[in-house]
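**Student:** Dropping in run-v8.cif, which is mmCIF, C-alpha atoms:
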```
data_model
loop_
_atom_site.label_atom_id
_atom_site.label_comp_id
_atom_site.auth_asym_id
_atom_site.auth_seq_id
_atom_site.Cartn_x
_atom_site.Cartn_y
_atom_site.Cartn_z
CA MET A 1 81.64 -46.56 24.25
CA LYS A 2 78.08 -45.88 25.48
CA THR A 3 75.47 -44.12 23.42
CA THR A 4 72.34 -42.32 24.52
CA GLN A 5 70.20 -43.85 21.77
CA THR A 6 67.70 -46.47 22.86
CA PRO A 7 67.03 -49.47 20.72
CA ALA A 8 63.95 -49.43 18.54
CA PRO A 9 61.08 -51.54 19.87
CA LEU A 10 60.78 -54.95 18.35
CA PRO A 11 57.69 -55.61 16.26
CA ALA A 12 55.11 -57.81 17.89
CA GLU A 13 55.22 -61.42 16.96
CA SER A 14 52.51 -62.81 14.79
CA GLY A 15 49.57 -63.87 16.90
CA ALA A 16 50.68 -61.87 19.92
CA PRO A 17 48.23 -59.27 21.22
CA VAL A 18 49.05 -55.69 20.39
CA THR A 19 48.77 -53.28 23.27
CA LYS A 20 47.93 -49.58 23.09
CA THR A 21 51.59 -48.71 23.46
CA ASP A 22 52.49 -50.88 20.49
CA ALA A 23 49.82 -49.41 18.13
CA PRO A 24 50.92 -46.37 16.09
CA PRO A 25 49.18 -43.11 17.04
CA VAL A 26 46.21 -42.13 14.89
CA PRO A 27 46.66 -38.68 13.35
CA PRO A 28 43.85 -36.22 14.12
CA PRO A 29 41.34 -35.71 11.29
CA LYS A 30 42.03 -32.74 9.09
CA GLU A 31 39.45 -30.02 8.94
CA LYS A 32 37.73 -29.65 5.63
CA LYS A 33 38.48 -26.09 4.76
CA GLU A 34 36.91 -26.52 1.35
CA GLY A 35 33.45 -27.06 2.87
CA THR A 36 33.83 -24.05 5.12
CA VAL A 37 34.81 -21.82 2.21
CA LEU A 38 31.91 -23.12 0.13
CA ASN A 39 29.41 -22.51 2.95
CA ALA A 40 30.72 -18.98 3.47
CA PHE A 41 30.50 -18.29 -0.27
CA SER A 42 26.94 -19.65 -0.55
CA HIS A 43 25.79 -17.69 2.50
CA GLY A 44 27.34 -14.54 1.07
CA ILE A 45 25.49 -15.03 -2.22
CA LEU A 46 22.21 -15.55 -0.32
CA VAL A 47 22.77 -12.38 1.70
CA ILE A 48 23.46 -10.36 -1.46
CA TRP A 49 20.37 -11.83 -3.13
CA ALA A 50 18.20 -11.03 -0.10
CA ILE A 51 19.43 -7.43 -0.11
CA MET A 52 18.69 -7.10 -3.84
CA VAL A 53 15.13 -8.37 -3.30
CA VAL A 54 14.25 -6.65 -0.03
CA MET A 55 15.74 -3.21 -0.66
CA PRO A 56 13.45 -2.25 -3.60
CA LEU A 57 10.40 -3.36 -1.61
CA LEU A 58 11.40 -1.34 1.43
CA TRP A 59 12.20 1.65 -0.76
CA ALA A 60 8.77 1.48 -2.42
CA VAL A 61 7.01 1.30 0.96
CA MET A 62 9.08 4.19 2.30
CA THR A 63 8.42 6.30 -0.80
CA SER A 64 4.67 5.75 -0.58
CA PHE A 65 4.63 7.83 2.63
CA LYS A 66 6.57 10.79 1.16
CA ASP A 67 5.36 13.84 -0.68
CA ASP A 68 6.34 14.52 -4.28
CA ARG A 69 9.03 17.05 -3.38
CA SER A 70 10.79 14.65 -0.99
CA ILE A 71 10.74 11.83 -3.55
CA PHE A 72 12.99 13.77 -5.92
CA SER A 73 15.00 15.88 -3.45
CA SER A 74 15.94 13.07 -1.03
CA PRO A 75 14.93 9.71 -2.54
CA TRP A 76 16.97 7.57 -0.09
CA SER A 77 16.10 9.35 3.14
CA LEU A 78 13.31 8.47 5.53
CA PRO A 79 10.07 10.46 5.18
CA ASP A 80 9.90 13.54 7.37
CA ALA A 81 6.24 12.72 8.08
CA LEU A 82 3.88 9.86 7.24
CA HIS A 83 1.62 11.15 4.47
CA PHE A 84 -1.33 8.77 4.70
CA ASP A 85 -3.25 10.99 2.31
CA ASN A 86 -1.25 9.34 -0.51
CA TRP A 87 -2.97 6.05 0.23
CA SER A 88 -6.43 7.57 0.55
CA ARG A 89 -5.96 9.51 -2.67
CA ALA A 90 -4.87 6.41 -4.58
CA TRP A 91 -7.71 4.36 -3.07
CA THR A 92 -10.50 6.81 -3.92
CA GLU A 93 -9.45 9.20 -6.70
CA ALA A 94 -7.46 6.63 -8.69
CA ASN A 95 -10.22 3.98 -8.33
CA MET A 96 -7.87 1.48 -6.75
CA SER A 97 -10.74 0.24 -4.58
CA ASP A 98 -12.72 -0.84 -7.65
CA TYR A 99 -9.69 -2.47 -9.23
CA PHE A 100 -8.90 -4.26 -5.99
CA LEU A 101 -12.45 -5.61 -5.67
CA ASN A 102 -12.49 -6.84 -9.27
CA THR A 103 -9.16 -8.59 -8.76
CA VAL A 104 -10.35 -10.29 -5.58
CA LEU A 105 -13.45 -11.59 -7.36
CA VAL A 106 -11.55 -12.84 -10.40
CA VAL A 107 -8.62 -14.41 -8.54
CA GLY A 108 -10.82 -15.85 -5.77
CA GLY A 109 -13.23 -17.51 -8.19
CA SER A 110 -10.51 -18.80 -10.49
CA LEU A 111 -8.40 -20.09 -7.60
CA ILE A 112 -11.28 -22.09 -6.14
CA GLY A 113 -12.23 -23.49 -9.54
CA THR A 114 -8.63 -24.35 -10.39
CA LEU A 115 -8.02 -26.21 -7.13
CA VAL A 116 -11.29 -28.16 -7.27
CA LEU A 117 -11.05 -29.20 -10.92
CA GLY A 118 -7.28 -29.70 -10.84
CA SER A 119 -7.33 -31.87 -7.72
CA MET A 120 -10.12 -34.05 -9.11
CA ALA A 121 -8.32 -34.57 -12.42
CA ALA A 122 -4.98 -35.18 -10.70
CA TYR A 123 -6.51 -37.74 -8.31
CA VAL A 124 -7.99 -39.76 -11.16
CA LEU A 125 -4.78 -39.65 -13.20
CA ALA A 126 -2.66 -40.65 -10.20
CA ARG A 127 -4.86 -43.41 -8.71
CA PHE A 128 -6.71 -45.11 -11.57
CA ASP A 129 -5.41 -46.95 -14.61
CA PHE A 130 -7.60 -46.66 -17.70
CA PRO A 131 -7.01 -46.44 -21.45
CA GLY A 132 -5.66 -43.02 -22.35
CA ASN A 133 -4.43 -42.18 -18.85
CA ARG A 134 -0.91 -41.29 -19.92
CA PHE A 135 -2.16 -39.53 -23.05
CA ILE A 136 -4.38 -37.19 -21.03
CA TYR A 137 -1.57 -36.60 -18.55
CA PHE A 138 0.83 -35.60 -21.31
CA LEU A 139 -1.82 -33.34 -22.80
CA PHE A 140 -1.82 -31.36 -19.55
CA ILE A 141 1.98 -31.25 -19.58
CA GLY A 142 1.86 -30.04 -23.19
CA GLY A 143 -0.43 -27.21 -22.07
CA MET A 144 2.34 -25.99 -19.77
CA SER A 145 4.74 -25.61 -22.69
CA PHE A 146 2.26 -23.81 -24.96
CA PRO A 147 2.98 -20.05 -24.98
CA ILE A 148 -0.06 -17.98 -24.10
CA MET A 149 1.00 -15.29 -26.58
CA LEU A 150 0.09 -17.57 -29.50
CA ALA A 151 -3.44 -18.12 -28.14
CA LEU A 152 -4.44 -14.50 -27.52
CA VAL A 153 -6.07 -13.84 -30.89
CA PRO A 154 -8.09 -17.10 -31.16
CA LEU A 155 -8.90 -16.85 -27.45
CA PHE A 156 -10.32 -13.38 -27.97
CA TYR A 157 -12.68 -14.60 -30.70
CA VAL A 158 -13.70 -17.68 -28.71
CA VAL A 159 -14.56 -15.63 -25.63
CA ASN A 160 -16.33 -13.03 -27.77
CA ASN A 161 -18.45 -15.65 -29.56
CA MET A 162 -19.46 -17.10 -26.19
CA GLY A 163 -20.60 -13.67 -25.00
CA LEU A 164 -18.07 -13.63 -22.16
CA LEU A 165 -15.95 -10.70 -23.30
CA ASN A 166 -15.57 -7.90 -20.71
CA THR A 167 -17.14 -10.03 -17.96
CA ILE A 168 -15.83 -11.18 -14.61
CA HIS A 169 -16.96 -14.79 -15.03
CA GLY A 170 -15.44 -14.96 -18.51
CA LEU A 171 -12.07 -13.90 -17.11
CA ILE A 172 -12.45 -16.46 -14.32
CA LEU A 173 -12.95 -19.29 -16.84
CA VAL A 174 -9.89 -18.20 -18.82
CA TYR A 175 -7.78 -18.06 -15.67
CA ILE A 176 -8.91 -21.57 -14.72
CA ALA A 177 -8.00 -22.96 -18.15
CA TYR A 178 -4.66 -21.15 -18.01
CA SER A 179 -3.75 -22.54 -14.56
CA LEU A 180 -5.04 -26.12 -14.89
CA PRO A 181 -2.00 -27.71 -16.63
CA PHE A 182 0.47 -26.77 -13.90
CA THR A 183 -2.05 -27.63 -11.16
CA VAL A 184 -2.72 -31.12 -12.56
CA PHE A 185 1.00 -31.75 -13.09
CA PHE A 186 1.86 -30.70 -9.55
CA LEU A 187 -0.98 -32.50 -7.76
CA THR A 188 -0.64 -35.72 -9.77
CA ALA A 189 2.88 -36.17 -8.43
CA PHE A 190 1.67 -35.29 -4.94
CA PHE A 191 -1.26 -37.76 -4.93
CA ARG A 192 1.12 -40.55 -5.94
CA THR A 193 3.07 -40.03 -2.71
CA LEU A 194 0.00 -40.52 -0.49
CA PRO A 195 -0.53 -44.00 1.02
CA THR A 196 -3.04 -46.20 -0.77
CA SER A 197 -3.94 -48.20 2.33
CA VAL A 198 -6.15 -45.40 3.67
CA ALA A 199 -8.23 -45.25 0.50
CA GLU A 200 -8.48 -49.05 0.36
CA ALA A 201 -9.72 -49.12 3.95
CA ALA A 202 -12.37 -46.55 3.08
CA PHE A 203 -13.54 -48.65 0.14
CA VAL A 204 -13.76 -51.71 2.38
CA ASP A 205 -15.94 -49.73 4.80
CA GLY A 206 -18.34 -48.92 1.95
CA ALA A 207 -17.30 -45.37 1.09
CA SER A 208 -17.86 -44.23 -2.48
CA HIS A 209 -15.17 -42.78 -4.70
CA SER A 210 -16.41 -39.23 -4.26
CA ARG A 211 -16.67 -39.54 -0.48
CA THR A 212 -13.19 -41.09 -0.29
CA PHE A 213 -11.78 -38.24 -2.34
CA PHE A 214 -13.45 -35.30 -0.58
CA GLN A 215 -13.34 -36.59 3.01
CA ILE A 216 -10.11 -38.61 3.10
CA MET A 217 -7.69 -37.98 0.24
CA LEU A 218 -8.29 -34.25 -0.20
CA PRO A 219 -7.55 -33.39 3.48
CA MET A 220 -4.39 -35.49 3.26
CA ALA A 221 -3.31 -33.47 0.23
CA LYS A 222 -3.63 -30.14 2.07
CA PRO A 223 0.12 -29.28 1.87
CA GLY A 224 0.11 -29.81 -1.88
CA LEU A 225 -3.09 -27.82 -2.33
CA VAL A 226 -1.67 -24.91 -0.35
CA SER A 227 1.57 -24.95 -2.33
CA VAL A 228 -0.03 -25.02 -5.75
CA GLY A 229 -2.65 -22.52 -4.55
CA ILE A 230 0.08 -20.03 -3.60
CA PHE A 231 1.77 -20.41 -6.99
CA ASN A 232 -1.52 -19.96 -8.83
CA PHE A 233 -2.42 -16.99 -6.65
CA LEU A 234 0.85 -15.26 -7.49
CA GLY A 235 0.46 -15.92 -11.20
CA GLN A 236 -3.20 -14.89 -11.38
CA TRP A 237 -2.83 -11.82 -9.17
CA ASN A 238 0.03 -10.49 -11.33
CA GLN A 239 -1.56 -11.48 -14.65
CA TYR A 240 -1.61 -8.58 -17.09
CA MET A 241 -1.71 -9.91 -20.65
CA LEU A 242 -4.98 -11.86 -20.44
CA PRO A 243 -7.10 -9.11 -18.81
CA THR A 244 -5.66 -6.51 -21.18
CA VAL A 245 -6.90 -8.50 -24.20
CA LEU A 246 -10.14 -9.91 -22.77
CA ASN A 247 -11.25 -7.14 -20.43
CA THR A 248 -11.40 -3.73 -22.07
CA ASP A 249 -14.27 -2.35 -19.96
CA PRO A 250 -12.87 0.47 -17.73
CA ASP A 251 -15.33 -0.42 -14.94
CA LYS A 252 -14.15 -4.03 -14.78
CA ARG A 253 -10.40 -3.59 -14.88
CA VAL A 254 -8.26 -5.66 -12.55
CA LEU A 255 -5.41 -4.39 -10.40
CA THR A 256 -2.63 -4.76 -12.95
CA GLN A 257 -4.60 -2.79 -15.52
CA GLY A 258 -5.39 -0.18 -12.89
CA LEU A 259 -1.71 0.21 -12.00
CA VAL A 260 -0.80 0.84 -15.63
CA GLN A 261 -3.60 3.37 -15.95
CA LEU A 262 -2.51 4.97 -12.67
CA ALA A 263 1.09 5.19 -13.87
CA VAL A 264 0.02 6.93 -17.07
CA SER A 265 -2.44 9.36 -15.50
CA GLN A 266 -0.48 10.16 -12.34
CA GLY A 267 2.72 10.46 -14.33
CA TYR A 268 1.31 13.37 -16.31
CA LYS A 269 -0.16 14.94 -13.17
CA GLY A 270 3.09 14.53 -11.22
CA ASP A 271 1.41 12.60 -8.40
CA TRP A 272 4.25 10.16 -7.86
CA SER A 273 3.41 9.63 -4.20
CA GLY A 274 -0.06 8.35 -5.13
CA LEU A 275 1.52 6.07 -7.73
CA PHE A 276 3.83 4.47 -5.17
CA ALA A 277 0.94 4.09 -2.75
CA GLY A 278 -1.06 2.20 -5.37
CA LEU A 279 1.97 0.03 -6.12
CA VAL A 280 2.33 -0.95 -2.47
CA MET A 281 -1.41 -1.71 -2.27
CA ALA A 282 -1.05 -4.21 -5.08
CA MET A 283 2.07 -5.71 -3.56
CA LEU A 284 0.92 -6.25 0.04
CA PRO A 285 -1.57 -9.12 -0.57
CA VAL A 286 1.08 -11.16 -2.35
CA LEU A 287 3.61 -10.66 0.43
CA ALA A 288 1.03 -11.41 3.11
CA ALA A 289 -0.06 -14.64 1.39
CA TYR A 290 3.51 -15.91 1.14
CA ILE A 291 4.42 -14.94 4.71
CA VAL A 292 1.34 -16.68 6.14
CA PHE A 293 1.66 -19.88 4.08
CA GLN A 294 5.43 -20.17 3.64
CA ARG A 295 5.66 -23.24 5.90
CA GLN A 296 2.91 -25.03 3.96
CA VAL A 297 4.67 -24.19 0.69
CA VAL A 298 7.89 -25.80 1.89
CA GLN A 299 6.01 -28.86 3.18
CA GLY A 300 4.23 -29.29 -0.13
CA LEU A 301 7.43 -29.02 -2.17
CA THR A 302 9.39 -31.45 0.01
CA ALA A 303 6.63 -34.00 0.63
CA GLY A 304 7.66 -36.15 -2.33
CA ALA A 305 11.33 -36.07 -1.30
CA LEU A 306 10.56 -37.09 2.26
CA LYS A 307 8.40 -40.01 1.24
#
```
Written as structure tokens, that's how I'd like the structure from this file.
**Tutor:**
Amino acid sequence: MKTTQTPAPLPAESGAPVTKTDAPPVPPPKEKKEGTVLNAFSHGILVIWAIMVVMPLLWAVMTSFKDDRSIFSSPWSLPDALHFDNWSRAWTEANMSDYFLNTVLVVGGSLIGTLVLGSMAAYVLARFDFPGNRFIYFLFIGGMSFPIMLALVPLFYVVNNMGLLNTIHGLILVYIAYSLPFTVFFLTAFFRTLPTSVAEAAFVDGASHSRTFFQIMLPMAKPGLVSVGIFNFLGQWNQYMLPTVLNTDPDKRVLTQGLVQLAVSQGYKGDWSGLFAGLVMAMLPVLAAYIVFQRQVVQGLTAGALK
């Protein structure tokens, strides 16, 4: 009796070559659905976070061009007309121009001083071994963990005894001291990632330590300087506690003090459109600085990882 079944192929003998027809078929790789789900979930969280951050900013900008009646009657609608008089009124009548100028002077001076002093200290701590190197480095790190709230009262008396109370340069010095620990900590790690062969070649050619630092090492550390400069700019521009305690002169108030004063005065007057215009004025420089230097910030933060 004949059957339709064919005999199973015999296994290849040991030592005999195995052809493609003899080898078992390789199953296709399975798709990793877990990674796809995780990517979709992470992207969804990022989209939600972006909406939560961007929407209040756009709403504040939109409200700054409305009149007071439209702010309360239709808060989520677009302005019927662009009321640029809100901005002019906040700039002149609310003294936002004076507050803006004082803030530019204080933050500009403190930012330059912080970067110069912090980069010099970080370069020495990162490149030279001397007794007390690690102790000084940990002192700077300890300054990062010290809460500024505990130093307000003694800081007030120190600044007052030095005759620097209610002065622009006194506030600049305090801002520099406040920002130095983080700057030294950040730049010390960055200078350690730079190649030492360039500095050694400069020393062989007869360059001094100061010339090597300012003409060779400092330009190489530009991504790190930009990154830490942006962080210090954000912190100093939005600083409120220190100028409130150390700067009580109405003519020398900075922008954060001016916004609080504007919120109090315009709140009683009902000029909410001028208040939102002043808020956007204080917000725009920070956004512009981050948008312009965002690539340098990323390069500075990832330089150590890419080493």
**Student:** Please identify all polymer residues lying at most 9 Å from the point (-9.7, -26.8, -10.3) (file coordinates), using only C-alpha atoms, and present the result as a PDB file with C-alpha atoms, in the frame of the given file.
**Tutor:**
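Contents of point02.pdb, as written:
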```
ATOM      1  CA  SER A 110     -10.510 -18.800 -10.490  1.00  0.00           C
ATOM      2  CA  LEU A 111      -8.400 -20.090  -7.600  1.00  0.00           C
ATOM      3  CA  ILE A 112     -11.280 -22.090  -6.140  1.00  0.00           C
ATOM      4  CA  GLY A 113     -12.230 -23.490  -9.540  1.00  0.00           C
ATOM      5  CA  THR A 114      -8.630 -24.350 -10.390  1.00  0.00           C
ATOM      6  CA  LEU A 115      -8.020 -26.210  -7.130  1.00  0.00           C
ATOM      7  CA  VAL A 116     -11.290 -28.160  -7.270  1.00  0.00           C
ATOM      8  CA  LEU A 117     -11.050 -29.200 -10.920  1.00  0.00           C
ATOM      9  CA  GLY A 118      -7.280 -29.700 -10.840  1.00  0.00           C
ATOM     10  CA  SER A 119      -7.330 -31.870  -7.720  1.00  0.00           C
ATOM     11  CA  MET A 120     -10.120 -34.050  -9.110  1.00  0.00           C
ATOM     12  CA  ALA A 121      -8.320 -34.570 -12.420  1.00  0.00           C
ATOM     13  CA  ILE A 176      -8.910 -21.570 -14.720  1.00  0.00           C
ATOM     14  CA  ALA A 177      -8.000 -22.960 -18.150  1.00  0.00           C
ATOM     15  CA  SER A 179      -3.750 -22.540 -14.560  1.00  0.00           C
ATOM     16  CA  LEU A 180      -5.040 -26.120 -14.890  1.00  0.00           C
ATOM     17  CA  THR A 183      -2.050 -27.630 -11.160  1.00  0.00           C
ATOM     18  CA  VAL A 184      -2.720 -31.120 -12.560  1.00  0.00           C
TER      19      VAL A 184
END
```
**Student:** Taking the file above as input, evaluate the PyMOL selection byres ((chain A and resi 196) around 12) and report the hits as a ChimeraX atom specification.
**Tutor:** /A:123,126-128,191-195,197-203,212-213,216-217,220
**Student:** Which distance in Å separates atom CA of Trp49 of chain A and atom CA of Val37 of chain A, to one decimal?
**Tutor:** 18.4 Å
**Student:** Starting from the shown file, work through the PyMOL selection byres ((chain A and resi 186) around 10) and note down what comes out as an mmCIF file with C-alpha atoms, in the frame of the given file.
**Tutor:**
```cif
data_model
loop_
_atom_site.group_PDB
_atom_site.id
_atom_site.type_symbol
_atom_site.label_atom_id
_atom_site.label_comp_id
_atom_site.auth_asym_id
_atom_site.auth_seq_id
_atom_site.Cartn_x
_atom_site.Cartn_y
_atom_site.Cartn_z
ATOM 1 C CA GLY A 118 -7.280 -29.700 -10.840
ATOM 2 C CA SER A 119 -7.330 -31.870 -7.720
ATOM 3 C CA ALA A 122 -4.980 -35.180 -10.700
ATOM 4 C CA LEU A 180 -5.040 -26.120 -14.890
ATOM 5 C CA PRO A 181 -2.000 -27.710 -16.630
ATOM 6 C CA PHE A 182 0.470 -26.770 -13.900
ATOM 7 C CA THR A 183 -2.050 -27.630 -11.160
ATOM 8 C CA VAL A 184 -2.720 -31.120 -12.560
ATOM 9 C CA PHE A 185 1.000 -31.750 -13.090
ATOM 10 C CA LEU A 187 -0.980 -32.500 -7.760
ATOM 11 C CA THR A 188 -0.640 -35.720 -9.770
ATOM 12 C CA ALA A 189 2.880 -36.170 -8.430
ATOM 13 C CA PHE A 190 1.670 -35.290 -4.940
ATOM 14 C CA PHE A 191 -1.260 -37.760 -4.930
ATOM 15 C CA GLY A 224 0.110 -29.810 -1.880
ATOM 16 C CA LEU A 225 -3.090 -27.820 -2.330
ATOM 17 C CA SER A 227 1.570 -24.950 -2.330
ATOM 18 C CA VAL A 228 -0.030 -25.020 -5.750
ATOM 19 C CA GLY A 300 4.230 -29.290 -0.130
ATOM 20 C CA LEU A 301 7.430 -29.020 -2.170
#
```
**Student:** Which is closest to Ser64 of chain A among A:Val280, A:Ile291, A:Ala40, A:Met144, if we use all atoms listed in the file?
**Tutor:**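 Between A:Val280, A:Ile291, A:Ala40, A:Met144, the residue approaching Ser64 of chain A most closely is A:Val280.
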**Student:** Counting only C-alpha atoms, what is within 12 Å of Phe156 of chain A, bar same-chain residues fewer than 6 positions away, as a ChimeraX atom specification?
**Tutor:** /A:148-150,162-166,170-171,174,241-248
**Student:** Calculated over only C-alpha atoms, which of the candidates A:Leu262, A:Ala151, A:Leu218, A:Trp272 has the smallest distance to Ser70 of chain A?
**Tutor:**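 Selected residue with least distance to Ser70 of chain A: A:Trp272.
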**Student:** Tell me, as number ranges by chain, which residues lie within 9 Å of Leu259 of chain A, counting only C-alpha atoms; anything in the same chain fewer than 6 positions away does not count.
**Tutor:** A: 96, 99, 275, 278-279, 282
**Student:** Give me the residues near segment 55-62 of chain A as number ranges by chain, where near means some atom within 12 Å (using only C-alpha atoms) and where sequence neighbours in that chain fewer than 2 positions away do not count.
**Tutor:** A: 47-53, 64-67, 70-71, 74-84, 86-87, 272-284, 287
**Student:** Could you please determine the separation between atom CA of Pro147 of chain A and atom CA of Asn232 of chain A in Å, to one decimal place?
**Tutor:**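 Atom-to-atom, atom CA of Pro147 of chain A to atom CA of Asn232 of chain A, that is 16.8 Å.
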**Student:** Should you be able to, write segment 130-152 of chain A of this structure into a file that contains N, CA and C atoms, as an mmCIF file, in the first residue's frame.
**Tutor:**
```
data_model
loop_
_atom_site.group_PDB
_atom_site.id
_atom_site.type_symbol
_atom_site.label_atom_id
_atom_site.label_comp_id
_atom_site.auth_asym_id
_atom_site.auth_seq_id
_atom_site.Cartn_x
_atom_site.Cartn_y
_atom_site.Cartn_z
ATOM 1 N N PHE A 130 48.426 71.552 44.591
ATOM 2 C CA PHE A 130 49.105 72.288 45.669
ATOM 3 C C PHE A 130 48.422 71.933 46.980
ATOM 4 N N PRO A 131 49.083 72.146 48.101
ATOM 5 C CA PRO A 131 48.465 71.823 49.393
ATOM 6 C C PRO A 131 47.193 72.656 49.621
ATOM 7 N N GLY A 132 46.121 71.972 49.960
ATOM 8 C CA GLY A 132 44.852 72.632 50.184
ATOM 9 C C GLY A 132 43.973 72.744 48.963
ATOM 10 N N ASN A 133 44.376 72.104 47.853
ATOM 11 C CA ASN A 133 43.583 72.188 46.633
ATOM 12 C C ASN A 133 42.188 71.619 46.851
ATOM 13 N N ARG A 134 42.114 70.399 47.344
ATOM 14 C CA ARG A 134 40.826 69.761 47.537
ATOM 15 C C ARG A 134 40.012 70.466 48.619
ATOM 16 N N PHE A 135 40.690 71.003 49.631
ATOM 17 C CA PHE A 135 39.971 71.706 50.701
ATOM 18 C C PHE A 135 39.273 72.959 50.159
ATOM 19 N N ILE A 136 39.974 73.722 49.333
ATOM 20 C CA ILE A 136 39.370 74.915 48.737
ATOM 21 C C ILE A 136 38.227 74.529 47.795
ATOM 22 N N TYR A 137 38.432 73.451 47.057
ATOM 23 C CA TYR A 137 37.382 73.002 46.136
ATOM 24 C C TYR A 137 36.123 72.614 46.901
ATOM 25 N N PHE A 138 36.272 71.903 47.996
ATOM 26 C CA PHE A 138 35.101 71.509 48.778
ATOM 27 C C PHE A 138 34.486 72.693 49.520
ATOM 28 N N LEU A 139 35.260 73.728 49.779
ATOM 29 C CA LEU A 139 34.684 74.940 50.351
ATOM 30 C C LEU A 139 33.698 75.583 49.369
ATOM 31 N N PHE A 140 34.089 75.610 48.097
ATOM 32 C CA PHE A 140 33.170 76.141 47.082
ATOM 33 C C PHE A 140 31.913 75.275 46.966
ATOM 34 N N ILE A 141 32.085 73.965 47.008
ATOM 35 C CA ILE A 141 30.925 73.082 46.952
ATOM 36 C C ILE A 141 30.037 73.283 48.178
ATOM 37 N N GLY A 142 30.654 73.495 49.346
ATOM 38 C CA GLY A 142 29.872 73.768 50.540
ATOM 39 C C GLY A 142 29.079 75.063 50.431
ATOM 40 N N GLY A 143 29.622 76.045 49.695
ATOM 41 C CA GLY A 143 28.878 77.284 49.485
ATOM 42 C C GLY A 143 27.608 77.080 48.673
ATOM 43 N N MET A 144 27.580 76.053 47.817
ATOM 44 C CA MET A 144 26.377 75.754 47.053
ATOM 45 C C MET A 144 25.261 75.216 47.935
ATOM 46 N N SER A 145 25.619 74.509 48.999
ATOM 47 C CA SER A 145 24.609 73.911 49.871
ATOM 48 C C SER A 145 24.177 74.833 51.000
ATOM 49 N N PHE A 146 24.812 75.995 51.132
ATOM 50 C CA PHE A 146 24.455 76.915 52.221
ATOM 51 C C PHE A 146 23.241 77.742 51.808
ATOM 52 N N PRO A 147 22.148 77.684 52.547
ATOM 53 C CA PRO A 147 20.949 78.453 52.159
ATOM 54 C C PRO A 147 21.162 79.944 52.348
ATOM 55 N N ILE A 148 20.785 80.710 51.333
ATOM 56 C CA ILE A 148 20.991 82.149 51.385
ATOM 57 C C ILE A 148 20.093 82.814 52.421
ATOM 58 N N MET A 149 19.000 82.154 52.791
ATOM 59 C CA MET A 149 18.091 82.728 53.783
ATOM 60 C C MET A 149 18.774 82.914 55.134
ATOM 61 N N LEU A 150 19.692 82.018 55.472
ATOM 62 C CA LEU A 150 20.386 82.113 56.758
ATOM 63 C C LEU A 150 21.422 83.230 56.781
ATOM 64 N N ALA A 151 21.826 83.723 55.617
ATOM 65 C CA ALA A 151 22.874 84.741 55.555
ATOM 66 C C ALA A 151 22.327 86.146 55.339
ATOM 67 N N LEU A 152 21.024 86.313 55.261
ATOM 68 C CA LEU A 152 20.482 87.632 54.933
ATOM 69 C C LEU A 152 20.763 88.664 56.022
#
```
